[in-house]
Amino acid sequence: MPFFAEITEVWEIAEHTIAWKIDKPEGFVFRAGQHVSIKLLQPKFSDPKGPRRTFTIASSPVEQNLLFITRNTGSGFKRSLLQGPQPVEIWGPMGEMVHDGNFPAVFVAGGVGVSPFRSMIFDGVSRLNIQPMVLLHSDRTAAAAVFVDAFRRIQADFPQLFKYELFLTQDMPQRRINGASLRGALDSLPKAVVYLCGSEMFVEGMRKTLTGIGLPEERLRAELFRGYKPRDKGKEGE
C-alpha cells in the first residue's frame, strides 16, 4: 500500500548532488539503512525510465522528515526533482541491510553510498547504547563529499562511539581506501561487521580487498547503487 507525501525542500548539498526532504507520512516506520521507491506524481520533464526511482533513506528513524540524496545526472527525473515542492507516492520501506547497534560496525562508503550510513550513525548516537562504529568515506573531491561536517561533529561529540575518515581520490593529497586502511579499521574493532555501499565497481572492489585480507564473507553486508558509473575509470565513490 503506497504512502502519499510532499517534497518540501530541494537543494544542492554538494557538487553535482541533490538533497531533498519529504514530510514523513503518518504511519510510515522504517529501520536505519532501508530504502523506498519514490514516484513523482507531477513531473515537469519526461524521462525514458519513467517517474519512479529507488532511494536509500539518509535520515534516521527518529528524525521528523525523510532525507534523500542523489547525484544530478541531468535526467528528466532529476530535472523534475529540482523543480522543488511537489507530491510523491512512496512504496516501502524495503531492504535488509540494517544495523541495530548490537555489534561493532565498519561502514565503507563510496560517494552518495554514504546515505544508509548517515541514517545508521544518526540513529546510533541518538540511542547511545550501541557498539562502536567506524566510517571510511570515499569521494572524488571535498566539494563532492556530503555530510562531512556532520560526521566530524559527531566524532568530536562521541569520540568513544564513532570514528570518521575521509578519502579524496582527486584532491591533493590523494587518498584511497585500501587494504591497509581497511585492516586498520578492523584491528580497532576486531569483531565488527563490515557494511559496503556505493557503485558496483566500488562495492566489488572493496569486497575483493576485504576477503583478500581475510575477512569472512559472513561478516560482510553490501548494497549497490546501480546506474552510477565512475566519471573517471578506476576512481572510487561515484
# chains A, B, ... in the order shown; residues from 1 in each chain; ligands from 1

$ residues_around --residues "Ile177 (chain A)" --least-positions-apart "3" --cutoff "9 Å" --atoms "only C-alpha atoms" --output "ChimeraX atom specification"
/A:108,136-138,167,180-182,206,236

$ residues_around --residues "Leu166 (chain A)" --least-positions-apart "5" --cutoff "10 Å" --atoms "only C-alpha atoms" --output "list in words"
Ala109, Leu135, Leu136, His137, Ser138, Asp139, Ala142, Ala145, Val148, Phe151, Arg152, Arg175, Arg176 and Ile177 of chain A

$ closest_residue --among "A:Pro104, A:Gly50, A:Pro85, A:Pro43" --to "Lys163 (chain A)" --atoms "only C-alpha atoms"
A:Pro104

$ closest_residue --among "A:His35, A:Ser80, A:Ser59, A:Ile22" --to "Asp47 (chain A)" --atoms "only C-alpha atoms"
A:Ser80

$ closest_residue --among "A:Ser126, A:Gln86, A:Gln174, A:Asn102" --to "Lys191 (chain A)" --atoms "only C-alpha atoms"
A:Asn102

$ atom_distance --atom1 "CA of Gln170 (chain A)" --atom2 "CA of Val114 (chain A)"
18.1 Å

$ residues_around --residues "Pro190 (chain A)" --least-positions-apart "6" --cutoff "12 Å" --atoms "only C-alpha atoms" --output "mmCIF file with all heavy atoms, in the first residue's frame"
data_model
loop_
_atom_site.group_PDB
_atom_site.id
_atom_site.type_symbol
_atom_site.label_atom_id
_atom_site.label_comp_id
_atom_site.auth_asym_id
_atom_site.auth_seq_id
_atom_site.Cartn_x
_atom_site.Cartn_y
_atom_site.Cartn_z
ATOM 1 N N PHE A 103 26.296 -4.912 17.624
ATOM 2 C CA PHE A 103 27.675 -5.338 17.391
ATOM 3 C C PHE A 103 28.428 -4.181 16.741
ATOM 4 O O PHE A 103 27.822 -3.303 16.123
ATOM 5 C CB PHE A 103 27.715 -6.580 16.487
ATOM 6 C CG PHE A 103 26.788 -6.507 15.311
ATOM 7 C CD1 PHE A 103 27.142 -5.802 14.165
ATOM 8 C CD2 PHE A 103 25.547 -7.129 15.338
ATOM 9 C CE1 PHE A 103 26.286 -5.714 13.079
ATOM 10 C CE2 PHE A 103 24.679 -7.048 14.262
ATOM 11 C CZ PHE A 103 25.050 -6.348 13.130
ATOM 12 N N PRO A 104 29.758 -4.138 16.879
ATOM 13 C CA PRO A 104 30.538 -3.064 16.245
ATOM 14 C C PRO A 104 30.380 -3.110 14.732
ATOM 15 O O PRO A 104 30.147 -4.171 14.146
ATOM 16 C CB PRO A 104 31.981 -3.371 16.667
ATOM 17 C CG PRO A 104 31.862 -4.290 17.834
ATOM 18 C CD PRO A 104 30.603 -5.066 17.644
ATOM 19 N N ALA A 105 30.517 -1.943 14.090
ATOM 20 C CA ALA A 105 30.328 -1.868 12.646
ATOM 21 C C ALA A 105 31.390 -0.989 12.013
ATOM 22 O O ALA A 105 31.757 0.060 12.560
ATOM 23 C CB ALA A 105 28.943 -1.321 12.312
ATOM 24 N N VAL A 106 31.873 -1.432 10.854
ATOM 25 C CA VAL A 106 32.726 -0.620 9.989
ATOM 26 C C VAL A 106 31.928 -0.348 8.724
ATOM 27 O O VAL A 106 31.539 -1.275 8.010
ATOM 28 C CB VAL A 106 34.047 -1.330 9.647
ATOM 29 C CG1 VAL A 106 34.839 -0.517 8.614
ATOM 30 C CG2 VAL A 106 34.883 -1.536 10.901
ATOM 31 N N PRO A 132 30.591 0.479 19.121
ATOM 32 C CA PRO A 132 31.320 1.495 18.333
ATOM 33 C C PRO A 132 31.157 1.316 16.828
ATOM 34 O O PRO A 132 30.936 0.213 16.326
ATOM 35 C CB PRO A 132 32.773 1.289 18.767
ATOM 36 C CG PRO A 132 32.690 0.631 20.098
ATOM 37 C CD PRO A 132 31.464 -0.238 20.055
ATOM 38 N N MET A 133 31.299 2.446 16.112
ATOM 39 C CA MET A 133 31.165 2.473 14.653
ATOM 40 C C MET A 133 32.346 3.235 14.049
ATOM 41 O O MET A 133 32.809 4.228 14.628
ATOM 42 C CB MET A 133 29.871 3.175 14.244
ATOM 43 C CG MET A 133 28.610 2.577 14.820
ATOM 44 S SD MET A 133 27.135 3.608 14.496
ATOM 45 C CE MET A 133 27.414 4.984 15.628
ATOM 46 N N VAL A 134 32.803 2.786 12.891
ATOM 47 C CA VAL A 134 33.831 3.475 12.108
ATOM 48 C C VAL A 134 33.279 3.689 10.707
ATOM 49 O O VAL A 134 32.682 2.776 10.127
ATOM 50 C CB VAL A 134 35.141 2.657 12.038
ATOM 51 C CG1 VAL A 134 36.112 3.285 11.041
ATOM 52 C CG2 VAL A 134 35.784 2.548 13.406
ATOM 53 N N LEU A 182 41.551 -0.504 5.538
ATOM 54 C CA LEU A 182 40.518 -1.436 5.986
ATOM 55 C C LEU A 182 41.009 -2.296 7.139
ATOM 56 O O LEU A 182 40.292 -2.521 8.124
ATOM 57 C CB LEU A 182 40.083 -2.324 4.814
ATOM 58 C CG LEU A 182 39.305 -1.609 3.707
ATOM 59 C CD1 LEU A 182 39.220 -2.491 2.461
ATOM 60 C CD2 LEU A 182 37.908 -1.228 4.170
ATOM 61 N N ARG A 183 42.249 -2.742 7.053
ATOM 62 C CA ARG A 183 42.807 -3.557 8.135
ATOM 63 C C ARG A 183 42.907 -2.737 9.425
ATOM 64 O O ARG A 183 42.631 -3.230 10.523
ATOM 65 C CB ARG A 183 44.184 -4.098 7.748
ATOM 66 C CG ARG A 183 44.735 -5.120 8.756
ATOM 67 C CD ARG A 183 46.144 -5.566 8.357
ATOM 68 N NE ARG A 183 46.145 -6.248 7.082
ATOM 69 C CZ ARG A 183 45.830 -7.527 6.914
ATOM 70 N NH1 ARG A 183 45.430 -8.242 7.960
ATOM 71 N NH2 ARG A 183 45.885 -8.088 5.731
ATOM 72 N N GLY A 184 43.283 -1.446 9.288
ATOM 73 C CA GLY A 184 43.366 -0.597 10.468
ATOM 74 C C GLY A 184 42.024 -0.450 11.160
ATOM 75 O O GLY A 184 41.932 -0.506 12.387
ATOM 76 N N GLY A 214 41.401 -11.388 4.551
ATOM 77 C CA GLY A 214 40.972 -12.431 5.475
ATOM 78 C C GLY A 214 39.630 -12.244 6.146
ATOM 79 O O GLY A 214 39.273 -13.033 7.036
ATOM 80 N N LEU A 215 38.832 -11.237 5.747
ATOM 81 C CA LEU A 215 37.520 -11.063 6.366
ATOM 82 C C LEU A 215 36.556 -12.113 5.816
ATOM 83 O O LEU A 215 36.377 -12.210 4.604
ATOM 84 C CB LEU A 215 36.980 -9.665 6.096
ATOM 85 C CG LEU A 215 35.663 -9.343 6.820
ATOM 86 C CD1 LEU A 215 35.922 -9.082 8.299
ATOM 87 C CD2 LEU A 215 34.954 -8.153 6.183
ATOM 88 N N ARG A 219 30.729 -11.820 7.493
ATOM 89 C CA ARG A 219 30.830 -10.548 8.216
ATOM 90 C C ARG A 219 30.711 -9.357 7.264
ATOM 91 O O ARG A 219 31.034 -8.234 7.631
ATOM 92 C CB ARG A 219 32.133 -10.473 9.004
ATOM 93 C CG ARG A 219 32.129 -11.364 10.250
ATOM 94 C CD ARG A 219 33.466 -11.392 10.927
ATOM 95 N NE ARG A 219 33.929 -10.061 11.308
ATOM 96 C CZ ARG A 219 35.184 -9.807 11.698
ATOM 97 N NH1 ARG A 219 36.084 -10.787 11.738
ATOM 98 N NH2 ARG A 219 35.546 -8.581 12.026
#

$ select_by_dssp --residues "region 31-96 of chain A" --states "strand (DSSP E or B)" --output "ChimeraX atom specification"
/A:35-40,52-56,65-71,86-94

$ closest_residue --among "A:Leu161, A:Val62, A:Ala14, A:Val193" --to "Arg31 (chain A)" --atoms "only C-alpha atoms"
A:Val62

$ residues_around --residues "Leu40 (chain A)" --least-positions-apart "4" --cutoff "12 Å" --atoms "only C-alpha atoms" --output "PDB file with C-alpha atoms, in the first residue's frame"
ATOM      1  CA  PHE A   4       1.400   9.850  -0.287  1.00  0.00           C
ATOM      2  CA  ALA A   5       3.504  12.823   0.786  1.00  0.00           C
ATOM      3  CA  GLU A   6       5.056  16.119  -0.309  1.00  0.00           C
ATOM      4  CA  ILE A   7       8.593  17.052  -1.164  1.00  0.00           C
ATOM      5  CA  ILE A  22       9.795  14.730   2.303  1.00  0.00           C
ATOM      6  CA  LYS A  44       7.695  18.571 -15.323  1.00  0.00           C
ATOM      7  CA  PHE A  45      10.022  16.641 -17.644  1.00  0.00           C
ATOM      8  CA  SER A  46       9.642  13.264 -19.321  1.00  0.00           C
ATOM      9  CA  ASP A  47      12.141  10.511 -18.612  1.00  0.00           C
ATOM     10  CA  GLY A  50       9.645   6.785 -16.067  1.00  0.00           C
ATOM     11  CA  PRO A  51       8.821   8.885 -12.989  1.00  0.00           C
ATOM     12  CA  ARG A  52       9.839   6.309 -10.346  1.00  0.00           C
ATOM     13  CA  ARG A  53      13.222   5.647  -8.708  1.00  0.00           C
ATOM     14  CA  THR A  54      14.541   3.793  -5.656  1.00  0.00           C
ATOM     15  CA  GLY A  76      14.286  14.103 -16.813  1.00  0.00           C
ATOM     16  CA  PHE A  77      13.577  12.678 -13.360  1.00  0.00           C
ATOM     17  CA  LYS A  78      16.356  14.724 -11.713  1.00  0.00           C
ATOM     18  CA  ARG A  79      15.338  17.884 -13.596  1.00  0.00           C
ATOM     19  CA  SER A  80      11.772  17.396 -12.402  1.00  0.00           C
ATOM     20  CA  LEU A  81      13.015  16.820  -8.876  1.00  0.00           C
ATOM     21  CA  LEU A  82      14.860  20.148  -8.956  1.00  0.00           C
ATOM     22  CA  GLN A  83      11.594  21.990  -9.587  1.00  0.00           C
ATOM     23  CA  GLY A  84      11.006  21.972  -5.832  1.00  0.00           C
ATOM     24  CA  PRO A  85       7.984  21.107  -3.683  1.00  0.00           C
ATOM     25  CA  GLN A  86       5.682  18.537  -5.312  1.00  0.00           C
ATOM     26  CA  PRO A  87       3.584  15.475  -4.448  1.00  0.00           C
ATOM     27  CA  VAL A  88       5.074  11.988  -4.428  1.00  0.00           C
ATOM     28  CA  GLU A  89       3.996   8.382  -3.968  1.00  0.00           C
ATOM     29  CA  ILE A  90       6.170   6.219  -1.702  1.00  0.00           C
ATOM     30  CA  TRP A  91       6.363   2.426  -1.630  1.00  0.00           C
TER      31      TRP A  91
END

$ decode --residues "region 91-115 of chain A" --atoms "C-alpha atoms" --output "PDB file, in the first residue's frame"
ATOM      1  CA  TRP A  91       6.363   2.426  -1.630  1.00  0.00           C
ATOM      2  CA  GLY A  92       8.271   0.722   1.165  1.00  0.00           C
ATOM      3  CA  PRO A  93      10.295   0.640   3.236  1.00  0.00           C
ATOM      4  CA  MET A  94      12.390  -2.205   1.853  1.00  0.00           C
ATOM      5  CA  GLY A  95      15.829  -3.699   2.367  1.00  0.00           C
ATOM      6  CA  GLU A  96      17.678  -5.908   4.829  1.00  0.00           C
ATOM      7  CA  MET A  97      20.980  -4.003   5.087  1.00  0.00           C
ATOM      8  CA  VAL A  98      20.164  -2.570   8.509  1.00  0.00           C
ATOM      9  CA  HIS A  99      22.165  -2.076  11.690  1.00  0.00           C
ATOM     10  CA  ASP A 100      20.605  -2.340  15.135  1.00  0.00           C
ATOM     11  CA  GLY A 101      23.744  -1.477  17.094  1.00  0.00           C
ATOM     12  CA  ASN A 102      24.177  -4.839  18.833  1.00  0.00           C
ATOM     13  CA  PHE A 103      27.675  -5.338  17.391  1.00  0.00           C
ATOM     14  CA  PRO A 104      30.538  -3.064  16.245  1.00  0.00           C
ATOM     15  CA  ALA A 105      30.328  -1.868  12.646  1.00  0.00           C
ATOM     16  CA  VAL A 106      32.726  -0.620   9.989  1.00  0.00           C
ATOM     17  CA  PHE A 107      30.916   1.341   7.269  1.00  0.00           C
ATOM     18  CA  VAL A 108      32.695   1.729   3.903  1.00  0.00           C
ATOM     19  CA  ALA A 109      31.031   4.263   1.585  1.00  0.00           C
ATOM     20  CA  GLY A 110      31.670   5.399  -1.960  1.00  0.00           C
ATOM     21  CA  GLY A 111      30.151   8.781  -2.870  1.00  0.00           C
ATOM     22  CA  VAL A 112      26.396   9.009  -2.261  1.00  0.00           C
ATOM     23  CA  GLY A 113      26.607   5.440  -0.977  1.00  0.00           C
ATOM     24  CA  VAL A 114      27.095   7.114   2.384  1.00  0.00           C
ATOM     25  CA  SER A 115      23.291   7.606   2.603  1.00  0.00           C
TER      26      SER A 115
END
